[in-house]
>>> print(open('my_file-v7.pdb').read())   # PDB, C-alpha atoms and all ligand atoms
ATOM      1  CA  MET U   1       4.908  22.799  -9.239  1.00  0.00           C
ATOM      2  CA  GLN U   2       5.810  22.719  -5.500  1.00  0.00           C
ATOM      3  CA  PRO U   3       8.496  20.322  -4.206  1.00  0.00           C
ATOM      4  CA  PHE U   4       7.018  17.149  -2.742  1.00  0.00           C
ATOM      5  CA  LYS U   5       6.771  17.392   1.049  1.00  0.00           C
ATOM      6  CA  THR U   6       4.766  14.246   1.785  1.00  0.00           C
ATOM      7  CA  ILE U   7       5.002  11.125  -0.357  1.00  0.00           C
ATOM      8  CA  LEU U   8       2.592   8.268   0.175  1.00  0.00           C
ATOM      9  CA  ALA U   9       3.884   4.804  -0.750  1.00  0.00           C
ATOM     10  CA  ALA U  10       1.181   2.121  -0.918  1.00  0.00           C
ATOM     11  CA  VAL U  11       2.660  -1.309  -0.243  1.00  0.00           C
ATOM     12  CA  ASP U  12       1.079  -4.733  -0.415  1.00  0.00           C
ATOM     13  CA  PHE U  13       4.447  -6.514   0.112  1.00  0.00           C
ATOM     14  CA  SER U  14       4.487  -7.838  -3.459  1.00  0.00           C
ATOM     15  CA  GLU U  15       7.556  -7.658  -5.708  1.00  0.00           C
ATOM     16  CA  ASN U  16       5.900  -4.889  -7.710  1.00  0.00           C
ATOM     17  CA  SER U  17       5.027  -2.731  -4.769  1.00  0.00           C
ATOM     18  CA  ASP U  18       8.526  -3.304  -3.386  1.00  0.00           C
ATOM     19  CA  HIS U  19       9.992  -1.842  -6.545  1.00  0.00           C
ATOM     20  CA  ALA U  20       7.554   1.076  -6.365  1.00  0.00           C
ATOM     21  CA  PHE U  21       8.535   1.572  -2.727  1.00  0.00           C
ATOM     22  CA  ASP U  22      12.214   1.870  -3.717  1.00  0.00           C
ATOM     23  CA  CYS U  23      11.248   4.616  -6.178  1.00  0.00           C
ATOM     24  CA  ALA U  24       9.157   6.384  -3.523  1.00  0.00           C
ATOM     25  CA  LEU U  25      12.136   6.274  -1.149  1.00  0.00           C
ATOM     26  CA  MET U  26      14.429   7.649  -3.825  1.00  0.00           C
ATOM     27  CA  MET U  27      11.990  10.531  -4.426  1.00  0.00           C
ATOM     28  CA  ALA U  28      11.646  11.168  -0.673  1.00  0.00           C
ATOM     29  CA  LYS U  29      15.408  11.411  -0.332  1.00  0.00           C
ATOM     30  CA  LYS U  30      15.675  13.696  -3.338  1.00  0.00           C
ATOM     31  CA  PHE U  31      13.005  16.094  -2.035  1.00  0.00           C
ATOM     32  CA  ASP U  32      13.788  15.585   1.658  1.00  0.00           C
ATOM     33  CA  ALA U  33      10.131  14.628   2.008  1.00  0.00           C
ATOM     34  CA  HIS U  34       8.198  12.771   4.667  1.00  0.00           C
ATOM     35  CA  LEU U  35       7.562   9.210   3.469  1.00  0.00           C
ATOM     36  CA  MET U  36       4.262   7.752   4.587  1.00  0.00           C
ATOM     37  CA  VAL U  37       4.055   3.997   4.116  1.00  0.00           C
ATOM     38  CA  LEU U  38       0.529   2.591   3.898  1.00  0.00           C
ATOM     39  CA  HIS U  39      -0.690  -0.991   3.919  1.00  0.00           C
ATOM     40  CA  VAL U  40      -4.376  -1.817   3.724  1.00  0.00           C
ATOM     41  CA  VAL U  41      -5.573  -5.145   5.069  1.00  0.00           C
ATOM     42  CA  SER U  42      -8.043  -5.854   2.336  1.00  0.00           C
ATOM     43  CA  GLU U  43     -11.668  -6.203   3.364  1.00  0.00           C
ATOM     44  CA  GLN U  44     -12.097  -8.814   0.676  1.00  0.00           C
ATOM     45  CA  VAL U  45      -9.551 -11.077   2.363  1.00  0.00           C
ATOM     46  CA  ASP U  46     -11.295 -10.629   5.671  1.00  0.00           C
ATOM     47  CA  VAL U  47     -14.589 -11.637   4.134  1.00  0.00           C
ATOM     48  CA  ASP U  48     -13.000 -14.877   2.905  1.00  0.00           C
ATOM     49  CA  LEU U  49     -11.418 -15.534   6.282  1.00  0.00           C
ATOM     50  CA  ARG U  50     -14.653 -14.830   8.044  1.00  0.00           C
ATOM     51  CA  THR U  51     -16.471 -17.365   5.940  1.00  0.00           C
ATOM     52  CA  TYR U  52     -13.699 -19.862   6.538  1.00  0.00           C
ATOM     53  CA  TYR U  53     -13.237 -19.475  10.304  1.00  0.00           C
ATOM     54  CA  GLY U  54     -16.563 -17.869  11.077  1.00  0.00           C
ATOM     55  CA  SER U  55     -17.953 -20.457  13.452  1.00  0.00           C
ATOM     56  CA  THR U  56     -14.879 -20.830  15.713  1.00  0.00           C
ATOM     57  CA  ILE U  57     -13.257 -17.384  16.030  1.00  0.00           C
ATOM     58  CA  PRO U  58     -15.187 -14.197  16.825  1.00  0.00           C
ATOM     59  CA  PHE U  59     -15.059 -11.815  13.838  1.00  0.00           C
ATOM     60  CA  GLU U  60     -13.741  -8.867  15.874  1.00  0.00           C
ATOM     61  CA  LYS U  61     -10.896 -10.947  17.314  1.00  0.00           C
ATOM     62  CA  LEU U  62      -9.967 -12.276  13.898  1.00  0.00           C
ATOM     63  CA  GLU U  63      -9.859  -8.770  12.436  1.00  0.00           C
ATOM     64  CA  GLU U  64      -7.707  -7.550  15.335  1.00  0.00           C
ATOM     65  CA  ASP U  65      -5.272 -10.462  14.881  1.00  0.00           C
ATOM     66  CA  VAL U  66      -4.985  -9.904  11.138  1.00  0.00           C
ATOM     67  CA  ILE U  67      -4.322  -6.162  11.568  1.00  0.00           C
ATOM     68  CA  SER U  68      -1.805  -6.838  14.316  1.00  0.00           C
ATOM     69  CA  ALA U  69       0.060  -9.374  12.119  1.00  0.00           C
ATOM     70  CA  ALA U  70       0.061  -6.840   9.266  1.00  0.00           C
ATOM     71  CA  GLU U  71       1.479  -4.163  11.611  1.00  0.00           C
ATOM     72  CA  THR U  72       4.331  -6.487  12.568  1.00  0.00           C
ATOM     73  CA  MET U  73       4.994  -7.161   8.897  1.00  0.00           C
ATOM     74  CA  MET U  74       5.046  -3.414   8.221  1.00  0.00           C
ATOM     75  CA  THR U  75       7.457  -2.743  11.118  1.00  0.00           C
ATOM     76  CA  ASP U  76       9.842  -5.445   9.856  1.00  0.00           C
ATOM     77  CA  TYR U  77       9.560  -4.189   6.289  1.00  0.00           C
ATOM     78  CA  CYS U  78      10.395  -0.595   7.236  1.00  0.00           C
ATOM     79  CA  ALA U  79      13.227  -1.645   9.564  1.00  0.00           C
ATOM     80  CA  ARG U  80      14.761  -3.551   6.647  1.00  0.00           C
ATOM     81  CA  LYS U  81      14.147  -0.983   3.912  1.00  0.00           C
ATOM     82  CA  LEU U  82      14.539   2.339   5.725  1.00  0.00           C
ATOM     83  CA  ARG U  83      17.683   1.881   7.737  1.00  0.00           C
ATOM     84  CA  GLU U  84      19.234   5.161   6.712  1.00  0.00           C
ATOM     85  CA  TYR U  85      16.034   7.259   6.341  1.00  0.00           C
ATOM     86  CA  ASP U  86      14.072   8.102   9.462  1.00  0.00           C
ATOM     87  CA  ASN U  87      11.695  10.741   8.097  1.00  0.00           C
ATOM     88  CA  TYR U  88       8.830   8.290   7.696  1.00  0.00           C
ATOM     89  CA  SER U  89       5.640   7.033   9.336  1.00  0.00           C
ATOM     90  CA  THR U  90       3.476   3.979   8.802  1.00  0.00           C
ATOM     91  CA  VAL U  91      -0.264   3.395   8.538  1.00  0.00           C
ATOM     92  CA  THR U  92      -1.817  -0.078   8.628  1.00  0.00           C
ATOM     93  CA  ILE U  93      -5.591  -0.154   8.348  1.00  0.00           C
ATOM     94  CA  GLY U  94      -8.418  -2.363   7.170  1.00  0.00           C
ATOM     95  CA  GLY U  95     -10.683  -1.555   4.239  1.00  0.00           C
ATOM     96  CA  LEU U  96     -10.804  -1.449   0.487  1.00  0.00           C
ATOM     97  CA  PRO U  97      -7.252  -0.729  -0.718  1.00  0.00           C
ATOM     98  CA  TYR U  98      -8.057   1.891  -3.367  1.00  0.00           C
ATOM     99  CA  ARG U  99     -10.488   3.696  -1.080  1.00  0.00           C
ATOM    100  CA  GLU U 100      -8.076   3.822   1.869  1.00  0.00           C
ATOM    101  CA  ILE U 101      -5.179   4.921  -0.338  1.00  0.00           C
ATOM    102  CA  LEU U 102      -7.295   7.809  -1.684  1.00  0.00           C
ATOM    103  CA  ARG U 103      -8.587   8.716   1.781  1.00  0.00           C
ATOM    104  CA  THR U 104      -5.144   8.669   3.418  1.00  0.00           C
ATOM    105  CA  ALA U 105      -3.645  10.714   0.575  1.00  0.00           C
ATOM    106  CA  ARG U 106      -6.390  13.311   0.991  1.00  0.00           C
ATOM    107  CA  GLU U 107      -6.308  13.445   4.797  1.00  0.00           C
ATOM    108  CA  GLN U 108      -2.508  13.556   5.023  1.00  0.00           C
ATOM    109  CA  HIS U 109      -2.189  16.064   2.183  1.00  0.00           C
ATOM    110  CA  ALA U 110       0.117  13.793   0.201  1.00  0.00           C
ATOM    111  CA  ASP U 111       1.787  15.639  -2.673  1.00  0.00           C
ATOM    112  CA  LEU U 112       2.528  12.382  -4.459  1.00  0.00           C
ATOM    113  CA  VAL U 113       1.145   8.836  -4.300  1.00  0.00           C
ATOM    114  CA  VAL U 114       3.413   6.016  -5.445  1.00  0.00           C
ATOM    115  CA  LEU U 115       2.239   2.491  -6.255  1.00  0.00           C
ATOM    116  CA  GLY U 116       3.022  -0.490  -8.428  1.00  0.00           C
ATOM    117  CA  THR U 117       1.078  -1.248 -11.580  1.00  0.00           C
ATOM    118  CA  HIS U 118       0.495  -4.769 -10.266  1.00  0.00           C
ATOM    119  CA  GLY U 119      -0.055  -6.218  -6.836  1.00  0.00           C
ATOM    120  CA  ARG U 120       0.035  -9.446  -4.945  1.00  0.00           C
ATOM    121  CA  THR U 121      -2.609 -11.525  -6.647  1.00  0.00           C
ATOM    122  CA  GLY U 122      -3.754 -11.848 -10.210  1.00  0.00           C
ATOM    123  CA  LEU U 123      -7.066 -13.374  -9.269  1.00  0.00           C
ATOM    124  CA  ASP U 124      -8.172 -10.467  -7.062  1.00  0.00           C
ATOM    125  CA  HIS U 125      -7.581  -8.274 -10.052  1.00  0.00           C
ATOM    126  CA  MET U 126      -9.916 -10.210 -12.262  1.00  0.00           C
ATOM    127  CA  ILE U 127     -12.605 -10.172  -9.645  1.00  0.00           C
ATOM    128  CA  PHE U 128     -12.217  -6.799  -7.952  1.00  0.00           C
ATOM    129  CA  GLY U 129     -10.387  -4.665 -10.529  1.00  0.00           C
ATOM    130  CA  SER U 130      -7.098  -2.829 -10.288  1.00  0.00           C
ATOM    131  CA  THR U 131      -6.199  -0.734  -7.263  1.00  0.00           C
ATOM    132  CA  ALA U 132      -3.649   1.203  -9.318  1.00  0.00           C
ATOM    133  CA  GLU U 133      -6.164   2.002 -12.044  1.00  0.00           C
ATOM    134  CA  ARG U 134      -8.726   3.314  -9.570  1.00  0.00           C
ATOM    135  CA  VAL U 135      -6.216   5.408  -7.663  1.00  0.00           C
ATOM    136  CA  VAL U 136      -4.911   6.948 -10.888  1.00  0.00           C
ATOM    137  CA  ARG U 137      -8.453   7.710 -12.007  1.00  0.00           C
ATOM    138  CA  LEU U 138      -9.771   9.131  -8.730  1.00  0.00           C
ATOM    139  CA  SER U 139      -6.824  10.709  -6.903  1.00  0.00           C
ATOM    140  CA  ASP U 140      -6.681  14.463  -6.310  1.00  0.00           C
ATOM    141  CA  SER U 141      -2.894  14.208  -5.881  1.00  0.00           C
ATOM    142  CA  PRO U 142      -0.373  13.319  -8.578  1.00  0.00           C
ATOM    143  CA  VAL U 143       0.143   9.555  -8.816  1.00  0.00           C
ATOM    144  CA  MET U 144       3.284   7.746  -9.943  1.00  0.00           C
ATOM    145  CA  THR U 145       2.858   4.111 -10.965  1.00  0.00           C
ATOM    146  CA  ILE U 146       5.855   1.836 -11.351  1.00  0.00           C
ATOM    147  CA  ARG U 147       5.943  -1.288 -13.458  1.00  0.00           C
ATOM    148  CA  THR U 148       8.486  -3.949 -12.562  1.00  0.00           C
ATOM    149  CA  ARG U 149      10.181  -5.132 -15.712  1.00  0.00           C
ATOM    150  CA  LYS U 150      10.846  -8.819 -15.940  1.00  0.00           C
ATOM    151  CA  PRO U 151      14.274  -9.620 -17.408  1.00  0.00           C
ATOM    152  CA  GLU U 152      14.157 -10.500 -21.126  1.00  0.00           C
ATOM    153  CA  ARG U 153      14.563 -14.211 -21.779  1.00  0.00           C
TER     154      ARG U 153
HETATM  155  P1  LIG U 201      -3.197  -3.995  -7.845  1.00  0.00           P
HETATM  156  O1  LIG U 201      -3.867  -2.957  -8.670  1.00  0.00           O
HETATM  157  O2  LIG U 201      -4.027  -4.578  -6.761  1.00  0.00           O
HETATM  158  O3  LIG U 201      -2.568  -5.053  -8.683  1.00  0.00           O
HETATM  159  O4  LIG U 201      -2.033  -3.277  -7.057  1.00  0.00           O
HETATM  160  C1  LIG U 201      -1.277  -2.248  -7.624  1.00  0.00           C
HETATM  161  C2  LIG U 201      -0.489  -1.547  -6.535  1.00  0.00           C
HETATM  162  O5  LIG U 201      -1.399  -0.972  -5.591  1.00  0.00           O
HETATM  163  C3  LIG U 201       0.454  -2.433  -5.687  1.00  0.00           C
HETATM  164  O6  LIG U 201       1.728  -2.636  -6.303  1.00  0.00           O
HETATM  165  C4  LIG U 201       0.570  -1.603  -4.437  1.00  0.00           C
HETATM  166  O7  LIG U 201       1.498  -0.526  -4.630  1.00  0.00           O
HETATM  167  C5  LIG U 201      -0.844  -1.009  -4.298  1.00  0.00           C
HETATM  168  N1  LIG U 201      -1.701  -1.859  -3.445  1.00  0.00           N
HETATM  169  C6  LIG U 201      -2.472  -2.907  -3.822  1.00  0.00           C
HETATM  170  N2  LIG U 201      -3.087  -3.468  -2.769  1.00  0.00           N
HETATM  171  C7  LIG U 201      -2.692  -2.760  -1.687  1.00  0.00           C
HETATM  172  C8  LIG U 201      -2.949  -2.845  -0.291  1.00  0.00           C
HETATM  173  N3  LIG U 201      -3.750  -3.788   0.204  1.00  0.00           N
HETATM  174  N4  LIG U 201      -2.364  -1.944   0.525  1.00  0.00           N
HETATM  175  C9  LIG U 201      -1.537  -0.974   0.030  1.00  0.00           C
HETATM  176  N5  LIG U 201      -1.252  -0.857  -1.255  1.00  0.00           N
HETATM  177  C10 LIG U 201      -1.809  -1.724  -2.122  1.00  0.00           C
END
>>> encode(input="my_file-v7.pdb", output="structure tokens")
Amino acid sequence: MQPFKTILAAVDFSENSDHAFDCALMMAKKFDAHLMVLHVVSEQVDVDLRTYYGSTIPFEKLEEDVISAAETMMTDYCARKLREYDNYSTVTIGGLPYREILRTAREQHADLVVLGTHGRTGLDHMIFGSTAERVVRLSDSPVMTIRTRKPER
């Protein structure tokens, strides 16, 4: 197996993906790899927002604003988490999370994709299915999934 040169970390800013991100960073440091940090502004959310605000805000403007807010969030996140590691880049795009993760991994020739086993919302899961499960099933690249253990009570 070749050393990892490009590692793709998929983040949705949840506690789980944050833990997975820390593991991706650790791997990047170990292999001196380029860390690509991806956030997908979920199409499903946009559909809800469109229905909600539809009559007052033009759809295109709303989408632009949501992506721009997500980009700011991503910049802040990376500034906080990657202080001592500058071999990274960020991608913030709209779409279906699993599809965009797979597409970015393919297009950027990621040697490893890292994600959490759980994401931000439980409800989305029940309705739309698991991003992690789909990426594991469909990815051409190796995938590492990280589960955040809750402390024993
Ligand atoms: P899920 O299957 O949606 O519970 O999410 C599992 C993992 O997939 C998360 O911990 C993230 O690493 C990744 N993920 C989920 N949604 C997104 C998203 N919108 N953008 C980037 N990564 C995501």
>>> atom_distance(input="my_file-v7.pdb", atom1="CA of Glu107 in chain U", atom2="CA of Thr90 in chain U")
14.2 Å
>>> resolve_selection(input="my_file-v7.pdb", expression="the PyMOL selection byres (((not hetatm)) within 6 of (chain U and resi 201))", output="count of residues only")
19
>>> atom_distance(input="my_file-v7.pdb", atom1="CA of Glu63 in chain U", atom2="CA of Leu96 in chain U")
14.0 Å
>>> residues_around(input="my_file-v7.pdb", residues="Phe13 in chain U", least_positions_apart="6", cutoff="10 Å", atoms="only C-alpha atoms", output="ChimeraX atom specification")
/U:19,21,39,73-74,77,119-120
>>> write_last_selection(input="my_file-v7.pdb", atoms="C-alpha atoms", output="mmCIF file, keeping the file's coordinate frame")
data_model
loop_
_atom_site.group_PDB
_atom_site.id
_atom_site.type_symbol
_atom_site.label_atom_id
_atom_site.label_comp_id
_atom_site.auth_asym_id
_atom_site.auth_seq_id
_atom_site.Cartn_x
_atom_site.Cartn_y
_atom_site.Cartn_z
ATOM 1 C CA HIS U 19 9.992 -1.842 -6.545
ATOM 2 C CA PHE U 21 8.535 1.572 -2.727
ATOM 3 C CA HIS U 39 -0.690 -0.991 3.919
ATOM 4 C CA MET U 73 4.994 -7.161 8.897
ATOM 5 C CA MET U 74 5.046 -3.414 8.221
ATOM 6 C CA TYR U 77 9.560 -4.189 6.289
ATOM 7 C CA GLY U 119 -0.055 -6.218 -6.836
ATOM 8 C CA ARG U 120 0.035 -9.446 -4.945
#
>>> residues_near_point(input="my_file-v7.pdb", point="(2.5, 7.3, 6.1)", cutoff="9 Å", atoms="only C-alpha atoms", output="number ranges by chain")
U: 6-10, 34-38, 88-92, 104-105, 108
>>> residues_near_point(input="my_file-v7.pdb", point="(8.9, 3.2, -4.7)", cutoff="6 Å", atoms="all atoms listed in the file", output="JSON, numbers by chain")
{"U": [19, 20, 21, 22, 23, 24, 25]}
>>> closest_residue(input="my_file-v7.pdb", among="U:Arg147, U:Lys29, U:Pro142, U:Asp18", to="Arg80 in chain U", atoms="all atoms listed in the file")
U:Asp18
>>> atom_distance(input="my_file-v7.pdb", atom1="CA of Gly94 in chain U", atom2="CA of Glu43 in chain U")
6.3 Å
>>> closest_residue(input="my_file-v7.pdb", among="U:Leu138, U:Ile146, U:Ala33, U:Ala69", to="Gln2 in chain U", atoms="all atoms listed in the file")
U:Ala33
>>> closest_residue(input="my_file-v7.pdb", among="U:Phe4, U:Leu62, U:Glu15, U:Val135", to="Glu100 in chain U", atoms="only C-alpha atoms")
U:Val135
>>> closest_residue(input="my_file-v7.pdb", among="U:Val143, U:Val136, U:Ile67, U:Ala28", to="Tyr85 in chain U", atoms="all atoms listed in the file")
U:Ala28
>>> closest_residue(input="my_file-v7.pdb", among="U:Ser14, U:Glu84, U:Glu71, U:Ser141", to="Arg106 in chain U", atoms="all atoms listed in the file")
U:Ser141
